[in-house]
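Here is run-v6.csv, consisting of CSV, C-alpha atoms:
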```
chain,number,residue,atom,x,y,z
A,1,MET,CA,64.5,60.0,-57.2
A,2,ALA,CA,62.7,63.3,-57.1
A,3,SER,CA,61.8,65.0,-53.8
A,4,ASP,CA,58.2,65.9,-53.2
A,5,SER,CA,58.6,67.8,-49.9
A,6,VAL,CA,61.2,69.2,-47.6
A,7,CYS,CA,62.0,67.2,-44.4
A,8,GLN,CA,62.3,69.4,-41.3
A,9,PHE,CA,63.3,67.7,-38.0
A,10,THR,CA,63.7,70.7,-35.7
A,11,ASP,CA,64.5,68.5,-32.7
A,12,LEU,CA,67.6,67.1,-34.3
A,13,SER,CA,70.9,68.8,-33.9
A,14,PRO,CA,73.1,68.9,-35.9
A,15,GLY,CA,71.3,68.3,-39.2
A,16,GLY,CA,67.6,67.9,-39.3
A,17,ASN,CA,67.0,70.0,-42.4
A,18,ASN,CA,66.3,68.5,-45.8
A,19,CYS,CA,68.0,65.2,-45.1
A,20,SER,CA,71.4,67.0,-44.7
A,21,ASP,CA,71.6,67.2,-48.5
A,22,ARG,CA,72.4,63.5,-48.6
A,23,GLY,CA,69.1,62.1,-49.6
A,24,VAL,CA,65.6,63.0,-50.8
A,25,CYS,CA,62.5,63.6,-48.8
A,26,ILE,CA,59.5,61.4,-49.7
A,27,SER,CA,56.3,62.0,-47.7
A,28,ASN,CA,58.3,63.6,-44.9
A,29,LEU,CA,60.7,60.6,-44.7
A,30,CYS,CA,64.3,60.8,-45.7
A,31,VAL,CA,65.5,58.3,-48.3
A,32,CYS,CA,69.2,58.5,-47.9
A,33,GLU,CA,72.1,58.1,-50.4
A,34,PRO,CA,74.3,55.0,-50.2
A,35,ASP,CA,76.5,54.9,-47.0
A,36,TRP,CA,74.3,57.4,-45.2
A,37,PHE,CA,71.3,56.7,-42.9
A,38,GLY,CA,69.4,58.2,-40.1
A,39,VAL,CA,68.8,55.4,-37.6
A,40,GLY,CA,71.5,55.6,-34.9
A,41,ASP,CA,71.8,54.7,-31.3
A,42,PHE,CA,68.7,55.9,-29.4
A,43,ALA,CA,67.2,57.1,-32.7
A,44,THR,CA,64.9,54.3,-33.6
A,45,GLU,CA,63.3,55.9,-36.6
A,46,SER,CA,65.0,57.0,-39.8
A,47,GLN,CA,65.0,60.8,-39.7
A,48,ASP,CA,68.0,62.8,-41.0
A,49,CYS,CA,70.7,61.4,-43.2
A,50,ASP,CA,73.5,62.4,-40.9
A,51,VAL,CA,75.0,59.0,-40.0
A,52,HIS,CA,77.9,57.8,-42.1
A,53,THR,CA,78.1,54.0,-42.1
A,54,VAL,CA,81.8,53.8,-43.0
A,55,SER,CA,82.7,56.1,-40.1
A,56,ILE,CA,80.5,54.2,-37.7
A,57,ARG,CA,82.1,50.9,-38.7
A,58,ALA,CA,85.6,52.4,-38.4
A,59,LEU,CA,84.9,53.7,-34.9
A,60,TRP,CA,83.6,50.4,-33.7
A,61,GLY,CA,86.5,48.6,-35.4
A,62,ILE,CA,88.9,50.8,-33.4
A,63,THR,CA,87.1,50.2,-30.1
A,64,LEU,CA,87.1,46.4,-30.8
A,65,VAL,CA,90.9,46.3,-30.4
A,66,PRO,CA,90.9,47.3,-26.6
A,67,PHE,CA,87.9,45.0,-26.0
A,68,VAL,CA,89.8,42.0,-27.4
A,69,LEU,CA,93.0,42.9,-25.6
A,70,SER,CA,91.1,43.3,-22.3
A,71,LEU,CA,89.5,39.9,-22.8
A,72,PHE,CA,92.8,38.1,-23.4
A,73,LEU,CA,94.6,39.9,-20.5
A,74,CYS,CA,91.7,39.0,-18.1
A,75,LEU,CA,91.6,35.4,-19.3
A,76,TYR,CA,95.4,35.1,-18.9
A,77,TYR,CA,95.3,36.6,-15.4
A,78,VAL,CA,92.5,34.3,-14.3
A,79,PHE,CA,94.2,31.2,-15.8
A,80,PHE,CA,97.6,32.2,-14.3
A,81,GLY,CA,96.0,32.8,-10.9
A,82,LEU,CA,93.8,29.7,-10.7
A,83,VAL,CA,95.7,27.1,-12.6
A,84,VAL,CA,99.4,28.1,-12.4
A,85,LEU,CA,99.5,29.6,-8.9
A,86,ARG,CA,96.5,27.7,-7.6
A,87,ARG,CA,95.2,30.6,-5.7
A,88,ARG,CA,91.7,30.9,-4.3
A,89,ILE,CA,89.3,33.3,-6.1
A,90,SER,CA,90.1,36.7,-4.7
A,91,SER,CA,88.5,40.1,-5.3
A,92,ALA,CA,91.1,40.8,-8.0
A,93,LEU,CA,90.3,37.5,-9.8
A,94,TRP,CA,86.5,38.3,-9.6
A,95,ALA,CA,87.2,41.7,-11.1
A,96,ALA,CA,89.1,40.0,-14.0
A,97,ILE,CA,86.3,37.5,-14.5
A,98,PHE,CA,83.6,40.2,-14.6
A,99,ASN,CA,85.7,42.3,-16.9
A,100,ALA,CA,86.3,39.4,-19.3
A,101,VAL,CA,82.5,38.8,-19.5
A,102,SER,CA,82.0,42.5,-20.1
A,103,SER,CA,84.6,42.4,-22.9
A,104,VAL,CA,82.8,39.5,-24.6
A,105,CYS,CA,79.5,41.4,-24.5
A,106,LEU,CA,81.0,44.5,-26.0
A,107,ILE,CA,82.9,42.5,-28.6
A,108,VAL,CA,79.5,41.1,-29.7
A,109,VAL,CA,78.1,44.6,-30.0
A,110,ALA,CA,81.2,45.8,-32.0
A,111,ILE,CA,81.1,42.8,-34.4
A,112,LYS,CA,77.4,43.3,-35.1
A,113,LYS,CA,78.0,47.0,-35.7
A,114,ILE,CA,80.9,46.2,-38.1
A,115,THR,CA,79.5,43.3,-40.1
A,116,GLU,CA,75.8,43.7,-40.5
A,117,ASP,CA,74.4,45.4,-43.6
A,118,HIS,CA,72.1,47.7,-41.7
A,119,ILE,CA,74.1,48.8,-38.6
A,120,PRO,CA,72.0,47.8,-35.6
A,121,ALA,CA,71.2,50.6,-33.2
A,122,ILE,CA,71.3,50.5,-29.4
A,123,GLY,CA,67.7,51.0,-28.4
A,124,LYS,CA,66.3,49.3,-31.4
A,125,ASP,CA,68.1,46.0,-31.9
A,126,THR,CA,67.4,43.7,-29.0
A,127,VAL,CA,70.7,41.7,-29.1
A,128,VAL,CA,72.8,44.8,-29.3
A,129,THR,CA,70.9,46.7,-26.6
A,130,ALA,CA,71.0,43.7,-24.2
A,131,PHE,CA,74.7,43.0,-24.7
A,132,PHE,CA,75.6,46.7,-24.5
A,133,SER,CA,73.7,47.1,-21.3
A,134,VAL,CA,75.1,44.0,-19.6
A,135,GLY,CA,78.6,44.7,-20.9
A,136,THR,CA,78.7,48.3,-19.5
A,137,ALA,CA,77.1,47.3,-16.2
A,138,LEU,CA,79.7,44.6,-15.6
A,139,VAL,CA,82.4,47.2,-16.0
A,140,PHE,CA,81.2,48.8,-12.8
A,141,TRP,CA,80.9,45.5,-11.0
A,142,SER,CA,84.4,44.7,-12.0
A,143,ALA,CA,85.4,48.0,-10.4
A,144,TYR,CA,83.4,47.0,-7.3
A,145,PHE,CA,85.7,44.1,-6.6
A,146,LEU,CA,88.8,46.2,-6.9
A,147,MET,CA,87.3,48.9,-4.7
A,148,ARG,CA,86.3,46.3,-2.1
A,149,GLN,CA,89.9,45.0,-2.1
A,150,VAL,CA,91.2,48.6,-1.5
A,151,THR,CA,88.5,49.1,1.2
A,152,VAL,CA,89.5,46.0,3.1
A,153,ALA,CA,93.1,47.0,3.0
A,154,TYR,CA,92.2,50.5,4.3
A,155,MET,CA,90.1,49.0,7.1
A,156,ARG,CA,93.0,46.8,8.2
A,157,ILE,CA,95.4,49.8,8.3
A,158,THR,CA,93.0,51.9,10.3
A,159,GLU,CA,92.6,49.0,12.8
A,160,ARG,CA,96.3,48.8,13.3
A,161,LEU,CA,96.5,52.5,13.9
A,162,GLY,CA,93.7,52.4,16.4
A,163,ILE,CA,91.4,54.6,14.2
A,164,ASN,CA,87.7,53.8,14.4
A,165,VAL,CA,86.0,53.8,11.0
A,166,SER,CA,82.3,53.1,10.6
A,167,SER,CA,81.4,49.7,9.3
A,168,LEU,CA,79.2,51.5,6.7
A,169,TYR,CA,82.4,52.5,5.0
A,170,GLN,CA,82.8,48.9,3.9
A,171,LYS,CA,79.4,49.1,2.1
A,172,LEU,CA,80.4,52.1,0.0
A,173,PRO,CA,81.8,50.1,-2.9
A,174,LEU,CA,78.6,48.0,-3.1
A,175,VAL,CA,76.4,51.1,-3.0
A,176,ALA,CA,78.5,53.0,-5.6
A,177,SER,CA,78.5,50.0,-8.0
A,178,GLY,CA,74.8,49.4,-7.6
A,179,LEU,CA,73.9,53.0,-8.3
A,180,SER,CA,76.3,53.1,-11.3
A,181,THR,CA,74.7,50.0,-12.8
A,182,VAL,CA,71.2,51.5,-13.0
A,183,PRO,CA,71.9,53.9,-15.9
A,184,MET,CA,73.4,51.1,-17.9
A,185,PHE,CA,70.0,49.4,-18.3
A,186,ILE,CA,68.1,52.5,-19.4
A,187,PRO,CA,68.6,51.6,-23.1
A,188,VAL,CA,66.4,48.6,-22.5
A,189,PHE,CA,63.4,50.9,-22.0
A,190,CYS,CA,63.7,51.8,-25.7
A,191,LEU,CA,62.7,48.3,-26.7
A,192,PHE,CA,59.4,48.8,-25.0
A,193,ASP,CA,58.8,52.5,-25.5
A,194,PRO,CA,60.6,53.5,-28.8
A,195,ASN,CA,58.8,56.8,-29.1
A,196,ARG,CA,60.7,58.1,-26.1
A,197,CYS,CA,64.0,56.5,-26.9
A,198,HIS,CA,65.8,59.8,-27.5
A,199,ILE,CA,64.8,60.8,-23.9
A,200,TYR,CA,66.2,57.5,-22.5
A,201,GLY,CA,69.4,58.2,-24.5
A,202,VAL,CA,69.8,61.6,-22.9
A,203,LEU,CA,69.2,60.1,-19.4
A,204,HIS,CA,71.6,57.3,-20.1
A,205,TYR,CA,74.5,59.6,-21.0
A,206,MET,CA,73.7,62.2,-18.3
A,207,LEU,CA,73.6,59.6,-15.5
A,208,THR,CA,76.6,57.7,-16.9
A,209,LEU,CA,79.0,60.6,-16.9
A,210,PRO,CA,78.9,61.1,-13.0
A,211,SER,CA,79.4,57.4,-12.6
A,212,LEU,CA,82.6,57.5,-14.7
A,213,VAL,CA,83.9,60.4,-12.7
```
If you took the structure in this file and wrote it as structure tokens, what would it be?
Amino acid sequence: MASDSVCQFTDLSPGGNNCSDRGVCISNLCVCEPDWFGVGDFATESQDCDVHTVSIRALWGITLVPFVLSLFLCLYYVFFGLVVLRRRISSALWAAIFNAVSSVCLIVVAIKKITEDHIPAIGKDTVVTAFFSVGTALVFWSAYFLMRQVTVAYMRITERLGINVSSLYQKLPLVASGLSTVPMFIPVFCLFDPNRCHIYGVLHYMLTLPSLV
């Protein structure tokens, strides 16, 4: 297929010039070679041919392994605690339950990324975007229950030592988890405002990094 123009996407880096030499430019739109495409996460329109489908599937295949292991470990922990030991649901068990649901959501995302002919992008595919947002948000709520357990233990120790600690300290895990959850749902805005999806992508990653730290 002959090229009738030169595609220049100066806002893209790396790439952005003449379809990365992996396709042809037709009416300022890149028509990519097999196994290359331009639609990626938070990039809802095909632009440069800089995304390698095999590499994307391989990366999601690798990440699928810890998601599956996490799911089985959490289910085993919940089953052992509730059925075998007949314990009441504690903060640790709630953390395992939330983490199990998070793993299921991210497994769905990984399977769709690996198996579908056209790799669905976060910010464009409704199912992938929703499951990705919910799955990542639940990770922080799983951490909340663990932090709450640590906070309760700390408060008990300070009481025994006669140290007065503000009751607001007990609310810190809830506040931290709530604030950390907000960036996880930024990708959903792409479904309603695709023209600014790349901006939402930058906000998502910039706000997520401090939460992870």
- line: What separates CA of Val78 in chain A and CA of Asn99 in chain A is a distance of 10.8 Å
- request: For each of A:Phe192, A:Tyr200, A:Trp60, A:Phe67, take the minimum atom-to-atom distance to Ile119 in chain A, counting only C-alpha atoms, then give the residue where this is smallest.
  value: A:Trp60
query: So, counting all atoms listed in the file, which residue among A:Phe189, A:Phe131, A:Tyr144, A:Trp36 is closest to Pro173 in chain A?
result: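 Nearest to Pro173 in chain A: A:Tyr144.
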d(CA of Gly201 in chain A, CA of Arg57 in chain A) in Å: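 Straight-line distance from CA of Gly201 in chain A to CA of Arg57 in chain A works out to 20.4 Å.
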- prompt: A:Thr63, A:Thr151, A:Thr158, A:Thr181: which is nearest Ile111 in chain A, counting all atoms listed in the file?
  reply: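 Ranked by minimum distance to Ile111 in chain A, first place goes to A:Thr63.
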query: So, counting all atoms listed in the file, which residue among A:Cys32, A:Met184, A:Val54, A:Leu71 is closest to Asp117 in chain A?
result: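 Counting all atoms listed in the file, the residue closest to Asp117 in chain A is A:Val54.
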task: Show which residues sit within 12 Å of Leu203 in chain A, as a list in words. Count only C-alpha atoms, and ignore same-chain residues fewer than 3 positions away.
output: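 So the residues in contact are Phe42, Val182, Pro183, Met184, Phe185, Ile186, Pro187, Phe189, Cys190, Arg196, Cys197, His198, Ile199, Tyr200, Met206, Leu207, Thr208, Leu209 and Pro210 of chain A.
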query: Please, what distance in Å, to one decimal, runs between CA of Ala92 in chain A and CA of Val134 in chain A?
result: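 Atom-to-atom, CA of Ala92 in chain A and CA of Val134 in chain A are spaced 20.0 Å apart.
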message: With distances taken over only C-alpha atoms, which residue among A:Val127, A:Val65, A:Ile122, A:Ile97 lies nearest Leu82 in chain A?
response: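 Ranking A:Val127, A:Val65, A:Ile122, A:Ile97 by distance to Leu82 in chain A, first place goes to A:Ile97.
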- prompt: Using only C-alpha atoms, which of A:Leu69, A:Leu85, A:Cys30, A:Ala143 sits nearest Gly178 in chain A?
  reply: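 Closest residue, counting only C-alpha atoms: A:Ala143.
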task: Excluding Cys74 in chain A and any residue of its chain fewer than 6 positions from it, enumerate the residues within 9 Å of it, using all atoms listed in the file, and give them as number ranges by chain.
output: A: 93, 95-100
Kindly add N, CA, C and O atoms to the incomplete range 69-84 of chain A and provide the output as a CSV table (one decimal), in the coordinates of the input.
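For reference, rebuild-v9.csv as written:
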```csv
chain,number,residue,atom,x,y,z
A,69,LEU,N,91.9,42.9,-26.5
A,69,LEU,CA,93.0,42.9,-25.6
A,69,LEU,C,92.7,42.7,-24.1
A,69,LEU,O,93.3,41.9,-23.4
A,70,SER,N,91.6,43.4,-23.7
A,70,SER,CA,91.1,43.3,-22.3
A,70,SER,C,90.7,41.9,-22.1
A,70,SER,O,91.0,41.3,-21.0
A,71,LEU,N,90.0,41.2,-23.0
A,71,LEU,CA,89.5,39.9,-22.8
A,71,LEU,C,90.7,38.9,-22.6
A,71,LEU,O,90.7,38.1,-21.7
A,72,PHE,N,91.7,39.0,-23.5
A,72,PHE,CA,92.8,38.1,-23.4
A,72,PHE,C,93.7,38.3,-22.2
A,72,PHE,O,94.1,37.4,-21.5
A,73,LEU,N,93.8,39.6,-21.8
A,73,LEU,CA,94.6,39.9,-20.5
A,73,LEU,C,93.8,39.3,-19.3
A,73,LEU,O,94.5,38.8,-18.4
A,74,CYS,N,92.5,39.5,-19.3
A,74,CYS,CA,91.7,39.0,-18.1
A,74,CYS,C,91.8,37.5,-18.1
A,74,CYS,O,91.9,36.9,-17.0
A,75,LEU,N,91.6,36.8,-19.2
A,75,LEU,CA,91.6,35.4,-19.3
A,75,LEU,C,93.0,34.9,-18.8
A,75,LEU,O,93.1,33.9,-18.1
A,76,TYR,N,94.1,35.5,-19.3
A,76,TYR,CA,95.4,35.1,-18.9
A,76,TYR,C,95.6,35.3,-17.4
A,76,TYR,O,96.2,34.4,-16.7
A,77,TYR,N,95.1,36.4,-16.8
A,77,TYR,CA,95.3,36.6,-15.4
A,77,TYR,C,94.5,35.6,-14.6
A,77,TYR,O,95.0,35.1,-13.6
A,78,VAL,N,93.3,35.3,-15.0
A,78,VAL,CA,92.5,34.3,-14.3
A,78,VAL,C,93.1,32.9,-14.4
A,78,VAL,O,93.2,32.2,-13.4
A,79,PHE,N,93.6,32.5,-15.6
A,79,PHE,CA,94.2,31.2,-15.8
A,79,PHE,C,95.5,31.1,-15.0
A,79,PHE,O,95.8,30.1,-14.3
A,80,PHE,N,96.3,32.2,-15.0
A,80,PHE,CA,97.6,32.2,-14.3
A,80,PHE,C,97.3,32.1,-12.8
A,80,PHE,O,98.0,31.4,-12.0
A,81,GLY,N,96.3,32.8,-12.3
A,81,GLY,CA,96.0,32.8,-10.9
A,81,GLY,C,95.4,31.5,-10.4
A,81,GLY,O,95.8,31.0,-9.3
A,82,LEU,N,94.5,30.9,-11.1
A,82,LEU,CA,93.8,29.7,-10.7
A,82,LEU,C,94.5,28.4,-11.0
A,82,LEU,O,94.5,27.5,-10.2
A,83,VAL,N,95.1,28.4,-12.2
A,83,VAL,CA,95.7,27.1,-12.6
A,83,VAL,C,97.2,27.0,-12.3
A,83,VAL,O,97.7,26.1,-11.7
A,84,VAL,N,98.0,28.1,-12.6
A,84,VAL,CA,99.4,28.1,-12.4
A,84,VAL,C,99.7,28.3,-10.9
A,84,VAL,O,100.5,27.5,-10.3
```
